[in-house]
Amino acid sequence: MADTVKLDSLNINKPRLAATVGFPIGRIVSVSGSQAVVVLESDEDGKATLGTPSMGSLIRIITREGVVIGIISGLSIPVPSSRADEEELKILEIEMVGEITASKDAPGARAFRRGVSVFPTLGSEVHLASSEELAIIFNSDARGMVRIGSIHQDADIPAHIVPDDLLAKHFAVVGTTGTGKSCAVSVILRGMLQEHKNAHIVVLDPHNEYAPAFQDCAEVIGPDSLQLPYWLLNFDELAEVLLGRDSGRRVEMEVLREIIPIAKQNYRAGAGETSALVRKPQANGTGNTITVDTPIPYRISDLIQMLDTMMGKLDKPESLVPYKRLKARIEAVTVDGRYGFMFGGLTVRDIMSDVIGRIFRVPVDGRPITVMDLSGVPAEILNVVVSVVCRLAFDLALWSDRQVPITIVCEEAHRYVPRDKALGFEPTKRAISKIAKEGRKYGVSLCVVSQRPAEIDPTILSQTSTVFAMRLTNQNDQEIVQAAVSDAAVSLLEFLPSMGNGEAIAIGEGVTLPMRIRFDRLPEGFAPRSSGASFSTGWREDHGSADFIDSVIERWRAARA
Ligand SMILES: Nc1ncnc2c1ncn2[C@@H]1O[C@H](COP(=O)(O)OP(=O)(O)OP(=O)(O)O)[C@@H](O)[C@H]1O
Ligand SMILES: [Mg+2]
């Protein structure tokens, strides 16, 4: 087959290459494990015949079984000469990553597979991979591949992801702020939706960015429409909302733990025929033990009533203090407008199936993505909301017998699962770690997005089997990504500090081969709203009217009412 090398993509002196297409660029002089060293061929003047191939380019080595594919991971001139016209030895270091062999499925066709079965011998010839070979490599895995961009080496060759391998084992998108992480996530998810109209994806969106990226495909749950009733919270989450992280609240905790199950019993007893969810286990004759964490409704008024009764029985005024404090706190949050999504509504109804169905898109109803705009959630309980959503996702997947695989996109993941053990909220960390560790078995996967990978709990990153690393300038962050990637082509990560916006090194099981890619551009109007404010635009106009500041203050007060 003809070797039609794409000249532009290979940084090679064109006229010279035209004359030497099909000729090797060098030969193997050392092989050790998956690495090999190549000495570049030189012409009669001592110049390398094919110029200098660049870092990250793919090469091929012909062996008796087929063609071994390698990535250039290092370039050097061990003994540089002081004069430009003197002969120099040019060395390429190569990481061998796979083979192109005869396809088992289609006679006569060739296919790429990872891993090398027959290693090249000393003296084997090395060529730059041709466009045709690149096409085989990047398209060879035909299992419902989804396009996300193009490869850096040749813009005509699409970069694909393998959805099942990407999602089933979690993936991470990391990069310095503004490098295009949110756009990359949007490109990946939009690509996925083309093929999978009945997906179940929840994007936890702390900056209200993602709604434009999915438009009609997404159910946007914002500050006005978010509904997460307090009775869906488990005990730790409710204690965080009501008592905060004050360790001196032991009595309040104990009292709460005692009265919540009773309030739940009360509700169940009074709910009679209306609650199908509660009735079912009884009908089966299995009984239904209600614990403090059982997700069934109860009334806040019952809690208050019980607190009053308890206080009535106490005779020492000082022992009343914790009860009074708890009661005051419950009364305060239930009237706080910012907590309306949790404590709002005059009547308590069992709306668990509505809430869960809406968040996790069951039924999908033409909108496979939920964008949870968390920008209106009070900062002090953001962690609680994330904890509840992650926990519910896991439980839904578990109790639905894996019939509803769910992907949770966790933006700013370093906030929820921080490396520093003293930071973060324990139940959120637990819920996310549980998905990271066991989600695969039940069909819940994570997309971890962060600009500070070094600040994420390393056990979470080590569970992600595919990483899209965009430009990272911080040394610690680069090292963390390098450590999390077990792939042979870690050398590609050398590019991390120098890549452009929208570019990434994609490594892991979700992509055919470690590759440097450029994400496709999102269509006009579909980019997530960038979270940064534009000073140059903002300072062009004078917002100095009284109406403007009044409207700002009105919104401000409405949120805190
Ligand atoms: N694939 C793309 N398609 C269209 N625009 C892009 C793409 N990638 C990056 N951009 C541009 O880069 C800008 C920043 O991208 P984005 O908001 O995704 O960065 P980020 O890494 O998520 O930043 P932050 O850390 O602040 O969240 C976008 O406003 C957009 O203009
Ligand atoms: Mg972003």
# chains A, B, ... in the order shown; residues from 1 in each chain; ligands from 1
$ closest_atom_pairs --of "chain A" --to "ligand 1" --cutoff "10 Å" --atoms "only C-alpha atoms and all ligand atoms" --output "tab-separated table"
residue	atom	partner	partner_atom_place_in_ligand_line	distance
A:Ile148	CA	ligand 1	1 (N)	9.1
A:Gly149	CA	ligand 1	1 (N)	8.5
A:Val173	CA	ligand 1	21 (O)	9.0
A:Val174	CA	ligand 1	21 (O)	7.9
A:Gly175	CA	ligand 1	21 (O)	6.2
A:Thr176	CA	ligand 1	25 (O)	6.2
A:Thr177	CA	ligand 1	25 (O)	3.2
A:Gly178	CA	ligand 1	23 (O)	3.5
A:Thr179	CA	ligand 1	21 (O)	4.1
A:Gly180	CA	ligand 1	18 (O)	3.2
A:Lys181	CA	ligand 1	21 (O)	3.8
A:Ser182	CA	ligand 1	18 (O)	3.6
A:Cys183	CA	ligand 1	18 (O)	3.8
A:Ala184	CA	ligand 1	1 (N)	5.6
A:Val185	CA	ligand 1	18 (O)	7.9
A:Ser186	CA	ligand 1	1 (N)	8.1
A:Val187	CA	ligand 1	1 (N)	6.6
A:Ile188	CA	ligand 1	1 (N)	9.7
A:Pro206	CA	ligand 1	27 (O)	10.0
A:His207	CA	ligand 1	27 (O)	8.5
A:Glu209	CA	ligand 1	17 (O)	8.1
A:Tyr210	CA	ligand 1	17 (O)	9.6
A:Glu411	CA	ligand 1	27 (O)	8.2
A:Glu412	CA	ligand 1	27 (O)	8.0
A:Val449	CA	ligand 1	22 (O)	8.5
A:Ser450	CA	ligand 1	25 (O)	7.3
A:Gln451	CA	ligand 1	25 (O)	5.7
A:Arg452	CA	ligand 1	25 (O)	9.2
A:Met470	CA	ligand 1	21 (O)	8.2
A:Arg471	CA	ligand 1	21 (O)	9.1
A:Gly500	CA	ligand 1	9 (C)	9.3
A:Asn501	CA	ligand 1	9 (C)	5.7
A:Gly502	CA	ligand 1	8 (N)	4.0
A:Glu503	CA	ligand 1	8 (N)	7.8
A:Arg518	CA	ligand 1	1 (N)	7.9
A:Phe519	CA	ligand 1	1 (N)	5.1
A:Asp520	CA	ligand 1	1 (N)	5.2
A:Arg521	CA	ligand 1	3 (N)	3.5
A:Leu522	CA	ligand 1	3 (N)	4.0
A:Pro523	CA	ligand 1	4 (C)	7.1
A:Glu524	CA	ligand 1	4 (C)	7.7
A:Gly525	CA	ligand 1	4 (C)	9.1
A:Phe526	CA	ligand 1	4 (C)	8.0
A:Ala527	CA	ligand 1	4 (C)	5.7
A:Pro528	CA	ligand 1	17 (O)	6.3
A:Arg529	CA	ligand 1	29 (O)	6.6
A:Ser530	CA	ligand 1	17 (O)	4.2
A:Ser531	CA	ligand 1	26 (O)	5.5
A:Gly532	CA	ligand 1	26 (O)	6.3
$ write_last_selection --atoms "N, CA and C atoms" --output "short mmCIF file (atom, residue, chain, number, x, y, z; two decimals), in the first residue's frame"
data_model
loop_
_atom_site.label_atom_id
_atom_site.label_comp_id
_atom_site.auth_asym_id
_atom_site.auth_seq_id
_atom_site.Cartn_x
_atom_site.Cartn_y
_atom_site.Cartn_z
N ILE A 148 -14.73 13.36 19.30
CA ILE A 148 -14.64 14.52 20.19
C ILE A 148 -13.68 15.60 19.65
N GLY A 149 -12.90 15.23 18.65
CA GLY A 149 -11.96 16.24 18.14
C GLY A 149 -11.08 15.61 17.08
N VAL A 173 -11.16 15.49 33.73
CA VAL A 173 -10.73 16.56 32.83
C VAL A 173 -10.05 17.60 33.71
N VAL A 174 -8.74 17.75 33.51
CA VAL A 174 -8.00 18.68 34.36
C VAL A 174 -7.26 19.69 33.50
N GLY A 175 -7.04 20.86 34.04
CA GLY A 175 -6.32 21.90 33.29
C GLY A 175 -6.45 23.23 34.02
N THR A 176 -5.46 24.07 33.77
CA THR A 176 -5.47 25.41 34.38
C THR A 176 -6.75 26.13 33.99
N THR A 177 -7.15 27.08 34.81
CA THR A 177 -8.40 27.79 34.54
C THR A 177 -8.37 28.49 33.17
N GLY A 178 -9.48 28.37 32.46
CA GLY A 178 -9.60 29.01 31.14
C GLY A 178 -9.04 28.21 29.98
N THR A 179 -8.56 26.97 30.22
CA THR A 179 -7.99 26.19 29.12
C THR A 179 -9.06 25.48 28.30
N GLY A 180 -10.29 25.49 28.79
CA GLY A 180 -11.37 24.88 28.01
C GLY A 180 -11.91 23.58 28.59
N LYS A 181 -11.83 23.42 29.91
CA LYS A 181 -12.33 22.17 30.53
C LYS A 181 -13.84 22.03 30.35
N SER A 182 -14.56 23.12 30.69
CA SER A 182 -16.02 23.03 30.60
C SER A 182 -16.44 22.80 29.15
N CYS A 183 -15.73 23.45 28.21
CA CYS A 183 -16.03 23.23 26.79
C CYS A 183 -15.75 21.78 26.43
N ALA A 184 -14.63 21.23 26.93
CA ALA A 184 -14.28 19.84 26.63
C ALA A 184 -15.36 18.90 27.16
N VAL A 185 -15.82 19.15 28.39
CA VAL A 185 -16.87 18.29 28.95
C VAL A 185 -18.12 18.38 28.08
N SER A 186 -18.43 19.59 27.62
CA SER A 186 -19.62 19.76 26.77
C SER A 186 -19.45 19.01 25.46
N VAL A 187 -18.25 19.08 24.86
CA VAL A 187 -18.01 18.37 23.60
C VAL A 187 -18.19 16.86 23.82
N ILE A 188 -17.60 16.35 24.90
CA ILE A 188 -17.68 14.92 25.17
C ILE A 188 -19.14 14.50 25.37
N PRO A 206 -21.65 24.44 39.57
CA PRO A 206 -21.63 25.44 40.64
C PRO A 206 -21.66 26.88 40.13
N HIS A 207 -21.33 27.11 38.86
CA HIS A 207 -21.27 28.49 38.38
C HIS A 207 -22.34 28.83 37.34
N GLU A 209 -23.03 27.55 34.35
CA GLU A 209 -22.39 27.73 33.05
C GLU A 209 -23.01 26.87 31.96
N TYR A 210 -23.52 25.69 32.33
CA TYR A 210 -23.73 24.65 31.33
C TYR A 210 -25.03 24.70 30.55
N GLU A 411 -17.97 19.21 38.67
CA GLU A 411 -17.10 20.37 38.41
C GLU A 411 -16.46 20.81 39.72
N GLU A 412 -15.30 21.38 39.65
CA GLU A 412 -14.60 21.88 40.85
C GLU A 412 -14.48 20.76 41.89
N VAL A 449 -13.87 17.07 37.25
CA VAL A 449 -13.31 18.23 36.55
C VAL A 449 -12.64 19.13 37.58
N SER A 450 -11.40 19.52 37.31
CA SER A 450 -10.73 20.37 38.29
C SER A 450 -9.58 21.15 37.68
N GLN A 451 -9.37 22.35 38.20
CA GLN A 451 -8.18 23.10 37.76
C GLN A 451 -7.01 22.85 38.70
N ARG A 452 -7.26 22.18 39.83
CA ARG A 452 -6.19 21.90 40.78
C ARG A 452 -6.12 20.41 41.09
N MET A 470 -5.49 18.98 30.10
CA MET A 470 -5.29 20.18 29.29
C MET A 470 -4.08 20.91 29.86
N ARG A 471 -3.81 22.12 29.39
CA ARG A 471 -2.58 22.79 29.84
C ARG A 471 -2.55 22.91 31.36
N GLY A 500 -2.00 24.60 23.79
CA GLY A 500 -2.94 25.72 23.59
C GLY A 500 -4.29 25.43 24.22
N ASN A 501 -5.15 26.44 24.28
CA ASN A 501 -6.51 26.23 24.80
C ASN A 501 -7.25 25.25 23.89
N GLY A 502 -8.08 24.41 24.48
CA GLY A 502 -8.86 23.46 23.69
C GLY A 502 -8.07 22.23 23.29
N GLU A 503 -6.80 22.16 23.70
CA GLU A 503 -6.00 20.97 23.40
C GLU A 503 -5.87 20.11 24.64
N ARG A 518 -7.03 17.90 19.74
CA ARG A 518 -7.67 19.24 19.79
C ARG A 518 -9.15 18.97 19.81
N PHE A 519 -9.84 19.42 20.84
CA PHE A 519 -11.29 19.19 20.92
C PHE A 519 -11.98 19.94 19.79
N ASP A 520 -13.07 19.37 19.28
CA ASP A 520 -13.88 20.08 18.27
C ASP A 520 -14.40 21.37 18.89
N ARG A 521 -14.57 22.37 18.06
CA ARG A 521 -15.15 23.62 18.57
C ARG A 521 -16.65 23.44 18.73
N LEU A 522 -17.17 23.96 19.81
CA LEU A 522 -18.62 23.90 20.00
C LEU A 522 -19.27 24.86 19.02
N PRO A 523 -20.46 24.51 18.51
CA PRO A 523 -21.11 25.45 17.59
C PRO A 523 -21.36 26.79 18.29
N GLU A 524 -21.44 27.85 17.50
CA GLU A 524 -21.69 29.19 18.04
C GLU A 524 -22.91 29.19 18.96
N GLY A 525 -22.79 29.74 20.13
CA GLY A 525 -23.94 29.82 21.05
C GLY A 525 -24.10 28.60 21.94
N PHE A 526 -23.27 27.58 21.74
CA PHE A 526 -23.40 26.37 22.56
C PHE A 526 -22.28 26.23 23.59
N ALA A 527 -21.38 27.22 23.65
CA ALA A 527 -20.29 27.12 24.62
C ALA A 527 -20.85 27.40 26.02
N PRO A 528 -20.35 26.71 27.03
CA PRO A 528 -20.79 27.05 28.38
C PRO A 528 -20.41 28.50 28.67
N ARG A 529 -21.25 29.16 29.46
CA ARG A 529 -20.92 30.54 29.81
C ARG A 529 -19.63 30.52 30.60
N SER A 530 -18.64 31.26 30.14
CA SER A 530 -17.38 31.24 30.86
C SER A 530 -17.59 31.94 32.20
N SER A 531 -16.98 31.36 33.26
CA SER A 531 -17.28 31.89 34.58
C SER A 531 -16.61 33.23 34.87
N GLY A 532 -15.59 33.57 34.11
CA GLY A 532 -14.89 34.84 34.37
C GLY A 532 -15.67 36.05 33.86
#
$ residues_around --residues "A:Leu40" --least-positions-apart "2" --cutoff "7 Å" --atoms "only C-alpha atoms" --output "list of chain:residue names"
A:Ile25, A:Gly26, A:Arg27, A:Val38, A:Ser42, A:Ala48, A:Lys90, A:Ile91
$ write_last_selection --atoms "all heavy atoms" --output "short mmCIF file (atom, residue, chain, number, x, y, z; two decimals), in the first residue's frame"
data_model
loop_
_atom_site.label_atom_id
_atom_site.label_comp_id
_atom_site.auth_asym_id
_atom_site.auth_seq_id
_atom_site.Cartn_x
_atom_site.Cartn_y
_atom_site.Cartn_z
N ILE A 25 13.21 6.50 8.35
CA ILE A 25 13.85 7.68 8.94
C ILE A 25 15.04 7.27 9.81
O ILE A 25 15.86 8.08 10.17
CB ILE A 25 12.86 8.51 9.79
CG1 ILE A 25 12.24 7.67 10.90
CG2 ILE A 25 11.79 9.16 8.94
CD1 ILE A 25 11.56 8.48 11.97
N GLY A 26 15.07 6.01 10.17
CA GLY A 26 16.20 5.58 10.99
C GLY A 26 16.12 4.09 11.27
O GLY A 26 15.31 3.37 10.68
N ARG A 27 16.99 3.62 12.17
CA ARG A 27 16.96 2.20 12.51
C ARG A 27 17.13 2.02 14.01
O ARG A 27 17.70 2.87 14.71
CB ARG A 27 18.02 1.42 11.72
CG ARG A 27 19.40 1.87 12.02
CD ARG A 27 20.40 1.45 10.97
NE ARG A 27 21.60 2.27 11.18
CZ ARG A 27 22.50 2.04 12.13
NH1 ARG A 27 22.40 1.00 12.92
NH2 ARG A 27 23.53 2.85 12.27
N VAL A 38 16.31 4.90 18.49
CA VAL A 38 16.49 4.91 17.04
C VAL A 38 17.57 5.92 16.69
O VAL A 38 17.57 7.04 17.23
CB VAL A 38 15.16 5.34 16.36
CG1 VAL A 38 15.33 5.47 14.86
CG2 VAL A 38 14.04 4.39 16.71
N SER A 42 21.25 9.40 8.10
CA SER A 42 21.73 10.68 7.56
C SER A 42 22.16 10.50 6.12
O SER A 42 22.47 9.40 5.68
CB SER A 42 22.88 11.21 8.42
OG SER A 42 23.81 10.19 8.62
N ALA A 48 20.24 14.56 8.71
CA ALA A 48 19.21 13.53 8.84
C ALA A 48 18.35 13.58 7.59
O ALA A 48 17.97 14.65 7.13
CB ALA A 48 18.36 13.83 10.07
N LYS A 90 21.86 11.74 15.63
CA LYS A 90 20.56 12.17 16.15
C LYS A 90 19.79 10.95 16.65
O LYS A 90 19.69 9.94 15.95
CB LYS A 90 19.77 12.88 15.07
CG LYS A 90 20.37 14.22 14.75
CD LYS A 90 19.55 14.97 13.74
CE LYS A 90 20.15 16.36 13.57
NZ LYS A 90 19.90 16.92 12.26
N ILE A 91 19.30 11.09 17.85
CA ILE A 91 18.68 9.93 18.52
C ILE A 91 17.19 10.21 18.79
O ILE A 91 16.82 11.30 19.21
CB ILE A 91 19.35 9.71 19.90
CG1 ILE A 91 20.85 9.46 19.74
CG2 ILE A 91 18.69 8.61 20.70
CD1 ILE A 91 21.20 8.07 19.30
#
$ residues_around --residues "stretch 428-431 of chain A" --least-positions-apart "6" --cutoff "8 Å" --atoms "only C-alpha atoms" --output "list of chain:residue names"
A:Asn383, A:Val384, A:Val386, A:Ser387, A:Val388, A:Cys390, A:Arg391, A:Tyr416, A:Val417
$ residues_around --residues "A:Ile406" --least-positions-apart "6" --cutoff "10 Å" --atoms "only C-alpha atoms" --output "list in words"
Leu167, Ala168, Ala199, His200, Ile201, Val202, Phe360, Arg361, Ala393, Phe394, Leu396, Ala397, Gly439, Tyr442, Gly443, Val444, Ser445 and Leu446 of chain A
$ residues_around --residues "A:Met192" --least-positions-apart "2" --cutoff "12 Å" --atoms "only C-alpha atoms" --output "compact mmCIF listing (two decimals) with N, CA, C and O atoms, in the first residue's frame"
# COMPACT_ATOMS: atom_id res chain seq x y z
N GLY A 144 -19.14 1.61 18.65
CA GLY A 144 -19.90 2.82 18.93
C GLY A 144 -19.05 4.01 19.33
O GLY A 144 -19.33 4.70 20.29
N MET A 145 -17.96 4.23 18.57
CA MET A 145 -17.05 5.32 18.91
C MET A 145 -17.73 6.68 18.75
O MET A 145 -18.57 6.86 17.90
N VAL A 146 -17.31 7.62 19.56
CA VAL A 146 -17.89 8.96 19.52
C VAL A 146 -16.76 9.96 19.24
O VAL A 146 -15.73 9.94 19.90
N ARG A 147 -16.98 10.81 18.26
CA ARG A 147 -15.94 11.78 17.89
C ARG A 147 -15.92 12.95 18.88
O ARG A 147 -16.97 13.47 19.26
N ILE A 148 -14.73 13.36 19.30
CA ILE A 148 -14.64 14.52 20.19
C ILE A 148 -13.68 15.60 19.65
O ILE A 148 -13.66 16.70 20.14
N HIS A 160 -11.41 9.84 18.71
CA HIS A 160 -12.64 9.22 19.21
C HIS A 160 -12.50 8.82 20.66
O HIS A 160 -11.40 8.62 21.16
N ILE A 161 -13.67 8.68 21.31
CA ILE A 161 -13.66 8.02 22.62
C ILE A 161 -14.49 6.75 22.52
O ILE A 161 -15.35 6.63 21.64
N VAL A 162 -14.21 5.82 23.40
CA VAL A 162 -14.98 4.58 23.44
C VAL A 162 -15.92 4.73 24.64
O VAL A 162 -15.48 4.63 25.78
N PRO A 163 -17.22 5.02 24.40
CA PRO A 163 -18.10 5.41 25.51
C PRO A 163 -18.08 4.44 26.69
O PRO A 163 -17.92 4.88 27.83
N ASP A 164 -18.20 3.15 26.43
CA ASP A 164 -18.30 2.23 27.56
C ASP A 164 -17.03 2.23 28.40
O ASP A 164 -17.08 2.23 29.62
N LEU A 166 -14.88 4.67 28.57
CA LEU A 166 -14.68 5.99 29.18
C LEU A 166 -15.56 6.13 30.42
O LEU A 166 -15.11 6.52 31.49
N LEU A 167 -16.85 5.78 30.26
CA LEU A 167 -17.80 6.06 31.33
C LEU A 167 -17.74 5.04 32.44
O LEU A 167 -17.81 5.38 33.61
N VAL A 185 -15.82 19.15 28.39
CA VAL A 185 -16.87 18.29 28.95
C VAL A 185 -18.12 18.38 28.08
O VAL A 185 -18.75 17.37 27.77
N SER A 186 -18.43 19.59 27.62
CA SER A 186 -19.62 19.76 26.77
C SER A 186 -19.45 19.01 25.46
O SER A 186 -20.39 18.36 24.99
N VAL A 187 -18.25 19.08 24.86
CA VAL A 187 -18.01 18.37 23.60
C VAL A 187 -18.19 16.86 23.82
O VAL A 187 -18.85 16.17 23.04
N ILE A 188 -17.60 16.35 24.90
CA ILE A 188 -17.68 14.92 25.17
C ILE A 188 -19.14 14.50 25.37
O ILE A 188 -19.63 13.53 24.77
N LEU A 189 -19.87 15.25 26.21
CA LEU A 189 -21.24 14.86 26.51
C LEU A 189 -22.15 15.02 25.28
O LEU A 189 -23.00 14.18 25.01
N ARG A 190 -21.93 16.09 24.52
CA ARG A 190 -22.75 16.28 23.32
C ARG A 190 -22.49 15.16 22.32
O ARG A 190 -23.42 14.65 21.70
N GLN A 194 -25.30 12.21 20.87
CA GLN A 194 -25.61 11.87 19.48
C GLN A 194 -25.92 10.39 19.35
O GLN A 194 -26.80 9.99 18.61
N GLU A 195 -25.15 9.60 20.08
CA GLU A 195 -25.29 8.14 19.97
C GLU A 195 -26.25 7.57 21.00
O GLU A 195 -26.79 6.50 20.82
N HIS A 196 -26.37 8.27 22.13
CA HIS A 196 -27.12 7.68 23.24
C HIS A 196 -28.20 8.64 23.72
O HIS A 196 -27.99 9.41 24.65
N LYS A 197 -29.32 8.56 23.06
CA LYS A 197 -30.41 9.52 23.33
C LYS A 197 -31.03 9.30 24.71
O LYS A 197 -31.71 10.17 25.23
N ASN A 198 -30.84 8.13 25.28
CA ASN A 198 -31.47 7.85 26.57
C ASN A 198 -30.45 7.76 27.70
O ASN A 198 -30.55 6.91 28.58
N ALA A 199 -29.47 8.65 27.64
CA ALA A 199 -28.46 8.68 28.70
C ALA A 199 -29.08 9.23 29.98
O ALA A 199 -30.21 9.75 29.97
N HIS A 200 -28.35 9.08 31.07
CA HIS A 200 -28.75 9.71 32.33
C HIS A 200 -27.52 10.41 32.88
O HIS A 200 -26.64 9.76 33.44
N ILE A 201 -27.45 11.71 32.66
CA ILE A 201 -26.24 12.44 33.05
C ILE A 201 -26.65 13.62 33.94
O ILE A 201 -27.58 14.34 33.61
N PHE A 214 -26.27 22.58 26.27
CA PHE A 214 -27.12 21.43 25.91
C PHE A 214 -28.52 21.84 25.46
O PHE A 214 -29.23 21.06 24.86
N CYS A 217 -31.64 19.55 25.09
CA CYS A 217 -31.39 18.19 25.59
C CYS A 217 -31.33 18.16 27.11
O CYS A 217 -31.18 17.10 27.69
N PRO A 368 -31.85 13.94 28.18
CA PRO A 368 -31.00 12.98 28.91
C PRO A 368 -30.02 13.61 29.90
O PRO A 368 -29.36 12.89 30.64
N ILE A 369 -29.94 14.95 29.92
CA ILE A 369 -28.98 15.59 30.84
C ILE A 369 -29.71 16.47 31.83
O ILE A 369 -30.66 17.17 31.46
N THR A 407 -24.20 8.96 34.90
CA THR A 407 -22.90 9.64 34.97
C THR A 407 -23.08 10.96 35.72
O THR A 407 -23.99 11.72 35.40
$ residues_around --residues "A:Ser32" --least-positions-apart "5" --cutoff "10 Å" --atoms "only C-alpha atoms" --output "PyMOL selection string"
chain A and resi 37+95+119
$ select_by_dssp --residues "stretch 142-347 of chain A" --states "helix (DSSP H, G or I)" --output "PyMOL selection string"
chain A and resi 163-168+181-195+211-217+230-232+235-243+250-274+276-283+300-313+317-335+337-343
